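Visitor: Just so it is clear, I am handing over entry18.cif, which has mmCIF, C-alpha atoms.
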data_entry
#
loop_
_atom_site.label_atom_id
_atom_site.label_comp_id
_atom_site.auth_asym_id
_atom_site.auth_seq_id
_atom_site.Cartn_x
_atom_site.Cartn_y
_atom_site.Cartn_z
CA VAL X 1 -38.12 12.25 24.36
CA PHE X 2 -37.00 13.40 20.91
CA ARG X 3 -33.69 14.58 22.37
CA LEU X 4 -33.13 11.19 23.96
CA MET X 5 -33.93 9.50 20.65
CA GLU X 6 -31.50 11.80 18.84
CA ASN X 7 -28.74 11.06 21.37
CA PHE X 8 -29.39 7.33 21.08
CA THR X 9 -29.27 7.47 17.28
CA TYR X 10 -26.08 9.55 17.35
CA ASN X 11 -24.34 7.26 19.85
CA SER X 12 -25.42 4.11 18.00
CA PHE X 13 -23.70 5.35 14.84
CA MET X 14 -20.56 6.71 16.55
CA LEU X 15 -17.71 4.39 17.48
CA GLN X 16 -14.74 4.93 19.73
CA LEU X 17 -11.31 3.98 18.40
CA GLU X 18 -8.78 2.57 20.83
CA GLY X 19 -5.97 4.42 19.09
CA ILE X 20 -2.37 4.32 20.26
CA ASP X 21 -1.67 5.77 23.70
CA PHE X 22 1.61 7.57 24.15
CA THR X 23 2.91 9.12 27.35
CA LYS X 24 2.94 12.91 27.56
CA ASP X 25 6.73 12.86 27.20
CA VAL X 26 6.69 11.26 23.75
CA VAL X 27 3.27 12.11 22.30
CA TYR X 28 4.52 15.05 20.23
CA THR X 29 7.63 13.13 19.18
CA ALA X 30 5.41 10.31 17.96
CA PHE X 31 3.13 12.79 16.19
CA PHE X 32 5.94 14.44 14.24
CA LEU X 33 7.61 11.10 13.55
CA PHE X 34 4.44 9.66 11.98
CA LEU X 35 3.87 12.95 10.17
CA ALA X 36 7.39 12.78 8.73
CA PHE X 37 6.79 9.18 7.61
CA TYR X 38 3.55 10.23 5.91
CA ILE X 39 5.05 13.23 4.13
CA PHE X 40 8.09 11.21 3.07
CA ALA X 41 5.99 8.38 1.63
CA MET X 42 3.56 10.71 -0.14
CA THR X 43 6.39 12.78 -1.62
CA LEU X 44 8.17 9.70 -2.97
CA ASN X 45 5.06 8.11 -4.45
CA LEU X 46 3.65 11.30 -5.97
CA ALA X 47 7.06 12.22 -7.41
CA PHE X 48 7.46 8.78 -8.97
CA LEU X 49 3.92 8.85 -10.36
CA ILE X 50 4.40 12.30 -11.90
CA LEU X 51 7.81 11.25 -13.25
CA VAL X 52 6.36 8.23 -15.05
CA ILE X 53 3.52 10.32 -16.48
CA THR X 54 5.73 13.14 -17.75
CA GLU X 55 8.91 11.29 -18.78
CA LYS X 56 8.44 9.49 -22.13
CA ASN X 57 11.38 7.15 -21.48
CA LEU X 58 9.40 5.66 -18.59
CA HIS X 59 6.30 4.90 -20.67
CA GLN X 60 7.11 1.20 -20.44
CA PRO X 61 4.86 -1.64 -19.22
CA MET X 62 6.98 -2.31 -16.11
CA TYR X 63 6.70 1.28 -14.84
CA ILE X 64 3.07 1.67 -15.88
CA LEU X 65 2.15 -1.47 -13.96
CA PHE X 66 4.21 -0.31 -10.98
CA CYS X 67 2.16 2.90 -10.93
CA ASN X 68 -0.78 0.74 -9.82
CA LEU X 69 1.19 -0.11 -6.70
CA THR X 70 2.08 3.56 -6.22
CA VAL X 71 -1.59 4.60 -6.40
CA SER X 72 -2.49 1.82 -3.97
CA ASP X 73 0.13 3.05 -1.48
CA ILE X 74 -1.10 6.65 -1.78
CA ILE X 75 -4.72 5.63 -1.10
CA ALA X 76 -3.77 3.49 1.90
CA ALA X 77 -1.57 6.15 3.52
CA THR X 78 -4.11 8.92 2.93
CA GLU X 79 -6.95 6.86 4.35
CA VAL X 80 -5.05 5.92 7.53
CA PHE X 81 -2.60 8.63 8.54
CA PRO X 82 -4.52 11.96 8.67
CA ARG X 83 -7.03 10.54 11.17
CA LEU X 84 -4.30 8.72 13.07
CA LEU X 85 -2.31 11.94 13.50
CA VAL X 86 -5.35 13.77 14.85
CA ASP X 87 -6.22 10.89 17.21
CA ILE X 88 -2.69 10.83 18.65
CA LEU X 89 -3.27 14.31 20.07
CA ARG X 90 -6.80 13.54 21.28
CA PRO X 91 -7.74 11.98 24.61
CA PRO X 92 -9.20 8.45 24.26
CA SER X 93 -12.78 9.64 24.88
CA GLU X 94 -12.64 11.93 21.83
CA ARG X 95 -11.33 9.39 19.32
CA LEU X 96 -14.68 8.97 17.64
CA ILE X 97 -15.54 7.77 14.16
CA SER X 98 -18.93 7.30 12.53
CA TYR X 99 -19.98 3.76 11.69
CA TYR X 100 -20.25 4.55 7.98
CA GLU X 101 -16.79 6.15 7.96
CA CYS X 102 -15.47 3.06 9.72
CA VAL X 103 -16.99 0.85 7.01
CA VAL X 104 -15.39 2.96 4.26
CA GLN X 105 -11.99 2.85 5.97
CA ALA X 106 -12.23 -0.91 6.48
CA PHE X 107 -13.17 -1.42 2.84
CA LEU X 108 -10.41 0.81 1.44
CA THR X 109 -7.63 -0.58 3.65
CA GLN X 110 -8.65 -4.16 2.87
CA TRP X 111 -9.01 -3.41 -0.84
CA VAL X 112 -5.65 -1.69 -1.32
CA SER X 113 -3.87 -4.31 0.80
CA SER X 114 -5.23 -7.03 -1.48
CA THR X 115 -4.51 -4.98 -4.59
CA SER X 116 -0.84 -4.77 -3.61
CA HIS X 117 -0.61 -8.55 -4.00
CA THR X 118 -2.51 -8.69 -7.30
CA VAL X 119 -0.41 -5.84 -8.75
CA LEU X 120 2.77 -7.73 -7.89
CA MET X 121 1.25 -10.78 -9.60
CA ILE X 122 0.71 -8.94 -12.90
CA MET X 123 4.19 -7.43 -12.60
CA ALA X 124 5.58 -10.96 -12.27
CA PHE X 125 3.76 -11.86 -15.49
CA ASP X 126 5.33 -8.84 -17.18
CA ARG X 127 8.83 -9.91 -16.12
CA TYR X 128 8.13 -13.47 -17.30
CA VAL X 129 7.13 -12.26 -20.78
CA ALA X 130 10.08 -9.85 -20.96
CA ILE X 131 12.66 -12.51 -20.14
CA CYS X 132 11.14 -15.71 -21.52
CA ASN X 133 9.55 -14.22 -24.66
CA PRO X 134 11.59 -11.08 -25.41
CA LEU X 135 10.87 -11.15 -29.17
CA ARG X 136 7.10 -11.18 -28.57
CA TYR X 137 7.15 -8.78 -25.61
CA SER X 138 5.91 -5.77 -27.58
CA ALA X 139 3.20 -7.83 -29.24
CA ILE X 140 1.96 -9.27 -25.94
CA MET X 141 2.31 -6.30 -23.57
CA THR X 142 0.18 -3.92 -25.62
CA THR X 143 -1.82 -1.00 -24.26
CA SER X 144 -4.91 -3.19 -24.30
CA MET X 145 -3.13 -5.89 -22.27
CA LEU X 146 -1.90 -3.31 -19.73
CA VAL X 147 -5.45 -2.04 -19.26
CA LYS X 148 -6.79 -5.59 -18.83
CA LEU X 149 -4.10 -6.48 -16.30
CA SER X 150 -4.60 -3.26 -14.31
CA VAL X 151 -8.40 -3.61 -14.27
CA SER X 152 -8.06 -7.22 -13.13
CA ALA X 153 -5.59 -6.29 -10.39
CA TRP X 154 -8.09 -3.77 -8.96
CA GLY X 155 -11.37 -5.40 -9.97
CA VAL X 156 -10.92 -8.92 -8.59
CA PRO X 157 -10.01 -7.75 -5.04
CA PHE X 158 -12.85 -5.22 -5.22
CA LEU X 159 -15.40 -8.01 -5.71
CA PHE X 160 -13.98 -10.27 -2.98
CA VAL X 161 -13.58 -7.43 -0.48
CA SER X 162 -17.13 -6.19 -1.21
CA VAL X 163 -18.46 -9.58 -0.13
CA LEU X 164 -16.12 -9.64 2.88
CA ILE X 165 -17.24 -6.23 4.17
CA GLY X 166 -20.85 -6.93 3.21
CA LEU X 167 -20.91 -9.97 5.49
CA SER X 168 -19.78 -7.76 8.39
CA VAL X 169 -22.17 -4.90 7.64
CA ARG X 170 -25.19 -7.25 7.67
CA LEU X 171 -24.63 -8.03 11.37
CA ASN X 172 -26.50 -6.17 14.11
CA ARG X 173 -24.21 -4.10 16.32
CA CYS X 174 -24.16 -4.30 20.11
CA ARG X 175 -20.78 -2.65 20.79
CA THR X 176 -19.32 0.78 20.03
CA PHE X 177 -15.64 0.24 20.83
CA VAL X 178 -13.06 -0.56 18.14
CA SER X 179 -10.01 -2.19 19.73
CA ASN X 180 -7.70 -0.94 17.01
CA PRO X 181 -6.17 2.38 15.91
CA LEU X 182 -8.06 2.04 12.62
CA CYS X 183 -11.09 0.22 11.25
CA ASP X 184 -10.62 -3.08 9.45
CA ASN X 185 -12.92 -6.00 8.69
CA ALA X 186 -12.20 -7.73 12.00
CA SER X 187 -13.09 -4.52 13.83
CA LEU X 188 -16.46 -4.41 12.06
CA PHE X 189 -17.69 -7.91 12.84
CA LYS X 190 -16.37 -7.72 16.41
CA LEU X 191 -18.96 -4.96 16.99
CA SER X 192 -21.67 -7.62 16.75
CA CYS X 193 -22.87 -10.12 19.33
CA GLU X 194 -24.19 -12.44 16.62
CA SER X 195 -22.42 -15.51 15.26
CA VAL X 196 -19.55 -14.55 12.96
CA GLU X 197 -18.78 -18.08 11.81
CA ILE X 198 -19.61 -17.25 8.18
CA ASN X 199 -17.35 -14.19 8.38
CA ASN X 200 -14.47 -16.26 9.70
CA ILE X 201 -14.92 -18.99 7.07
CA TYR X 202 -15.11 -16.54 4.18
CA GLY X 203 -12.26 -14.43 5.57
CA LEU X 204 -10.05 -17.52 5.88
CA PHE X 205 -11.06 -18.66 2.38
CA TYR X 206 -10.24 -15.28 0.86
CA THR X 207 -6.91 -14.96 2.71
CA VAL X 208 -5.79 -18.45 1.67
CA LEU X 209 -6.95 -17.86 -1.91
CA LEU X 210 -5.06 -14.57 -2.15
CA LEU X 211 -1.87 -15.97 -0.65
CA VAL X 212 -1.93 -19.18 -2.71
CA ALA X 213 -2.56 -17.22 -5.91
CA SER X 214 0.11 -14.67 -5.03
CA VAL X 215 2.81 -17.13 -3.96
CA GLY X 216 1.86 -19.55 -6.74
CA CYS X 217 2.18 -16.85 -9.39
CA ILE X 218 5.59 -15.77 -8.08
CA VAL X 219 6.89 -19.36 -7.84
CA LEU X 220 5.57 -20.34 -11.27
CA THR X 221 6.83 -17.30 -13.20
CA TYR X 222 10.18 -17.08 -11.44
CA GLY X 223 10.67 -20.81 -11.64
CA LYS X 224 10.39 -20.62 -15.43
CA ILE X 225 12.64 -17.56 -15.48
CA ALA X 226 15.24 -19.46 -13.43
CA VAL X 227 15.14 -22.39 -15.87
CA ILE X 228 15.64 -20.03 -18.82
CA CYS X 229 18.56 -18.30 -17.08
CA LEU X 230 20.24 -21.59 -16.14
CA THR X 231 19.99 -23.04 -19.62
CA SER X 232 20.90 -19.85 -21.49
CA LYS X 233 24.45 -18.77 -22.32
CA ASN X 234 23.46 -15.15 -22.83
CA LYS X 235 25.20 -13.26 -20.02
CA THR X 236 23.45 -9.98 -20.83
CA MET X 237 20.05 -11.64 -20.51
CA LYS X 238 21.05 -13.27 -17.22
CA LYS X 239 22.24 -9.95 -15.82
CA LYS X 240 19.02 -8.21 -16.85
CA ALA X 241 16.90 -11.01 -15.40
CA LEU X 242 18.76 -10.95 -12.09
CA LYS X 243 18.44 -7.17 -11.83
CA THR X 244 14.73 -6.85 -12.58
CA CYS X 245 13.61 -10.02 -10.81
CA SER X 246 15.58 -9.36 -7.62
CA THR X 247 13.95 -5.92 -7.38
CA HIS X 248 10.48 -7.39 -7.76
CA LEU X 249 11.20 -10.15 -5.23
CA VAL X 250 12.51 -7.68 -2.64
CA VAL X 251 9.32 -5.60 -2.97
CA TYR X 252 7.20 -8.75 -2.64
CA LEU X 253 9.13 -9.97 0.42
CA VAL X 254 8.87 -6.56 2.15
CA LEU X 255 5.10 -6.54 1.60
CA SER X 256 4.67 -10.15 2.74
CA PHE X 257 6.88 -9.79 5.82
CA SER X 258 5.07 -6.63 6.94
CA GLY X 259 1.66 -8.23 6.52
CA PHE X 260 2.54 -11.56 8.14
CA SER X 261 4.20 -9.85 11.11
CA ALA X 262 1.05 -7.86 11.90
CA ILE X 263 -1.11 -11.00 11.52
CA ALA X 264 1.24 -13.10 13.68
CA LEU X 265 1.13 -10.60 16.55
CA HIS X 266 -2.66 -11.09 16.73
CA ARG X 267 -1.83 -14.44 18.35
CA PHE X 268 -0.06 -12.71 21.24
CA PRO X 269 -2.43 -10.35 23.11
CA GLN X 270 0.38 -9.27 25.45
CA TYR X 271 2.03 -7.55 22.47
CA SER X 272 -1.05 -5.62 21.37
CA TYR X 273 0.80 -2.30 21.63
CA TYR X 274 3.51 -3.45 19.20
CA ARG X 275 0.87 -4.97 16.94
CA LYS X 276 -0.88 -1.61 16.63
CA ILE X 277 2.39 0.15 15.83
CA LEU X 278 3.27 -2.49 13.22
CA THR X 279 -0.21 -2.30 11.71
CA ILE X 280 0.22 1.43 11.16
CA LEU X 281 3.73 1.05 9.75
CA PHE X 282 2.39 -1.57 7.32
CA TYR X 283 0.63 1.24 5.46
CA ILE X 284 3.72 3.45 5.19
CA ILE X 285 7.01 1.49 5.14
CA PRO X 286 6.37 -0.85 2.17
CA GLY X 287 4.97 2.09 0.20
CA SER X 288 8.14 4.10 0.79
CA LEU X 289 10.55 1.23 0.17
CA ASN X 290 8.81 0.15 -3.04
CA THR X 291 9.50 3.48 -4.73
CA ILE X 292 13.07 3.66 -3.42
CA ILE X 293 13.88 0.12 -4.57
CA TYR X 294 12.50 0.60 -8.07
CA GLY X 295 14.00 4.06 -8.35
CA ILE X 296 17.49 2.80 -7.47
CA GLN X 297 17.45 -0.13 -9.90
CA SER X 298 15.91 1.82 -12.78
CA LYS X 299 18.48 3.05 -15.27
CA GLU X 300 15.93 5.49 -16.72
CA VAL X 301 15.11 7.01 -13.32
CA ARG X 302 18.78 7.31 -12.38
CA GLN X 303 19.54 8.93 -15.73
CA PHE X 304 16.69 11.41 -15.26
CA MET X 305 17.91 12.34 -11.77
CA PHE X 306 21.47 12.73 -13.10
CA ASN X 307 20.33 14.96 -15.96
CA THR X 308 18.19 17.03 -13.58
CA SER X 309 21.03 17.58 -11.12
CA LYS X 310 23.42 18.32 -13.97
CA SER X 311 21.08 20.93 -15.48
CA ARG X 312 20.75 22.62 -12.07
CA LYS X 313 24.53 22.92 -11.85
CA VAL X 314 24.82 24.29 -15.37
CA LEU X 315 22.04 26.88 -14.94
CA PRO X 316 23.76 29.01 -12.24
CA PHE X 317 26.97 28.94 -14.30
CA GLN X 318 25.07 30.19 -17.37
CA ASN X 319 23.40 32.90 -15.31
CA GLU X 320 26.80 34.11 -14.10
CA ASN X 321 28.05 34.31 -17.69
CA VAL X 322 24.96 36.28 -18.74
CA ILE X 323 25.49 38.76 -15.91
CA LYS X 324 29.16 39.21 -16.90
CA VAL X 325 28.21 39.84 -20.54
CA MET X 326 25.61 42.42 -19.49
CA LYS X 327 28.21 44.22 -17.42
#
Show how you would write the structure in this file as structure tokens.
Guide:
Amino acid sequence: VFRLMENFTYNSFMLQLEGIDFTKDVVYTAFFLFLAFYIFAMTLNLAFLILVITEKNLHQPMYILFCNLTVSDIIAATEVFPRLLVDILRPPSERLISYYECVVQAFLTQWVSSTSHTVLMIMAFDRYVAICNPLRYSAIMTTSMLVKLSVSAWGVPFLFVSVLIGLSVRLNRCRTFVSNPLCDNASLFKLSCESVEINNIYGLFYTVLLLVASVGCIVLTYGKIAVICLTSKNKTMKKKALKTCSTHLVVYLVLSFSGFSAIALHRFPQYSYYRKILTILFYIIPGSLNTIIYGIQSKEVRQFMFNTSKSRKVLPFQNENVIKVMK
């Protein structure tokens, strides 16, 4: 009897992930491809984060705020990809995850996805101040302001997502199958046979609120920046505005397009396989492109890379001279 109770308790807290099924011919190719994506993204983000921390020339509000996005990308990739890689090599019956682990994964993925939008919002504010109020930029974007903006970018989504996941956790479960390669909020409330009307209403409210706030912030700040650029005769300022703002907009569009594509494919069940692939790539491609885009446009980063490569070329030459002198 006790053994039966233990098995029932174990099974009631273990869930089976649908995962992504690959044929035997391509399963290892897919594994190493996703592994390469993960290593590439982690290397880029960690390198950029360490560079900003160690290089004094990069201790500027724009790069410090961007580090929030870098940390968000690292958390998302680390939460999703290690388990995904293991599940690719497992048969479907062994793709198990505990309910509590599923809740944590759903919370983290939802939180960092939302934080990506709020971080881009505070970065838009930074660009607005830099271009529209350049003389007061240092007085406004102080260390205290950077802390407040960063805490807000992480704290506000944390509160909303806590309510979102809490509404799903309160439901009684009657299913143990997650029709997704990873756990998200929709996966959690679909485990229940109870009414999820409140979940849908709050989820829709939060999604609309986040998108309206995000798009509204971008339109408002960049609209004012555009007016300043059109009415100003300062060519240097226009060039700087175009360079920094275009970079930020490209990052925002990449994030939005990736997210909307995955959401849109939910409407077409016949494309569920492509939806799962796109959902996974959502946690890796924007994170990789963000760092590349900002690294390319940053004069300070380019200068650091140039100096580093130059010093590596000079060092072997110096070593050869030392050896000749010793001889």
Visitor: Between X:Ile53, X:Ala47, X:Val103, X:His117, which residue has the minimum interatomic distance to Ala213 of chain X, considering all atoms listed in the file?
Guide: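 Under the stated criterion, the closest residue is X:His117.
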Visitor: Determine, counting only C-alpha atoms, which protein, DNA and RNA residues have an atom within 10 Å of an atom of Arg175 of chain X; residues of the same chain fewer than 2 positions away are not included. Present the result as a list in words.
Guide: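 The residues satisfying every condition are Ser12, Leu15, Gln16, Asn172, Arg173, Phe177, Val178, Leu188, Lys190, Leu191, Ser192 and Cys193 of chain X.
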Visitor: From the set X:Leu69, X:Met14, X:Ile218, X:Leu51, which residue has the shortest atom-to-atom contact distance to Ser150 of chain X, counting all atoms listed in the file?
Guide: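 Of X:Leu69, X:Met14, X:Ile218, X:Leu51, the one nearest Ser150 of chain X, counting all atoms listed in the file, is X:Leu69.
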Visitor: So, counting only C-alpha atoms, which residue among X:Val215, X:Leu255, X:Pro61, X:Ile285 is closest to Ala139 of chain X?
Guide: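 Smallest separation from Ala139 of chain X among the options: X:Pro61.
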Visitor: So that I can see what lies close to Leu159 of chain X, please list as a VMD selection string the residues with an atom at most 12 Å from it, counting only C-alpha atoms and leaving out residues fewer than 3 positions away in the same chain.
Guide: chain X and resid 107 110 to 111 114 to 115 151 to 156 162 to 166 206
Visitor: So that I can see what lies close to Arg95 of chain X, please list as number ranges by chain the residues with an atom at most 9 Å from it, counting all atoms listed in the file and leaving out residues fewer than 4 positions away in the same chain.
Guide: X: 15-19, 86-88, 90-91
Visitor: Can you list, as a ChimeraX atom specification, every protein, DNA or RNA residue that comes within 12 Å of segment 64-67 of chain X when you count only C-alpha atoms, leaving out same-chain residues fewer than 6 positions away?
Guide: /X:45-58,73-74,115-127,141-143,145-154,247-248,251,287,290-291,293-295
Visitor: Determine the nearest neighbour of Ala241 of chain X from the options X:Leu253, X:Ala226, X:Val219, X:Val161, counting all atoms listed in the file.
Guide: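 Ranking X:Leu253, X:Ala226, X:Val219, X:Val161 by distance to Ala241 of chain X, first place goes to X:Ala226.
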Visitor: Using only C-alpha atoms, find each residue of segment 21-109 of chain X with at least one atom at most 12 Å away from an atom of segment 274-278 of chain X; report its shortest atom-to-atom pair and that distance in Å (one decimal), sort the rows by chain and rising residue number, and return the result as a Markdown table.
Guide:
| residue | atom | partner | partner_atom | distance |
| --- | --- | --- | --- | --- |
| X:Asp21 | CA | X:Lys276 | CA | 10.3 |
| X:Phe22 | CA | X:Ile277 | CA | 11.2 |
| X:Ala30 | CA | X:Ile277 | CA | 10.8 |
| X:Phe34 | CA | X:Ile277 | CA | 10.5 |
| X:Leu84 | CA | X:Ile277 | CA | 11.2 |
Visitor: Can you work out the spacing between atom CA of Ser272 of chain X and atom CA of Val80 of chain X in Å, to one decimal?
Guide: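 Atom CA of Val80 of chain X lies at a distance of 18.5 Å from atom CA of Ser272 of chain X.
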Visitor: Please report the interatomic distance between atom CA of Ile39 of chain X and atom CA of Tyr283 of chain X in Å with one decimal.
Guide: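 Between atom CA of Ile39 of chain X and atom CA of Tyr283 of chain X the gap is 12.8 Å.
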Visitor: What does the structure give for the distance between atom CA of Tyr38 of chain X and atom CA of Thr78 of chain X, in Å to one decimal?
Guide: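 Atom-to-atom, atom CA of Tyr38 of chain X to atom CA of Thr78 of chain X, that is 8.3 Å.
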Visitor: Which residue out of X:Leu230, X:Ile296, X:Val26, X:Ala76 has the minimum interatomic distance to Thr244 of chain X when all atoms listed in the file are used?
Guide: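 Under the stated criterion, the closest residue is X:Ile296.
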Visitor: Let me make sure I understand: among X:Leu281, X:Thr221, X:Val169, X:Ile131, which one has the smallest atom-to-atom distance to Thr236 of chain X if we use all atoms listed in the file?
Guide: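 The closest residue to Thr236 of chain X is X:Ile131.
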Visitor: Pull out every residue that the PyMOL selection byres ((chain X and resi 259) around 10) matches in the shown coordinates and put them as number ranges by chain.
Guide: X: 113, 253-258, 260-264, 278-279, 282-283, 286
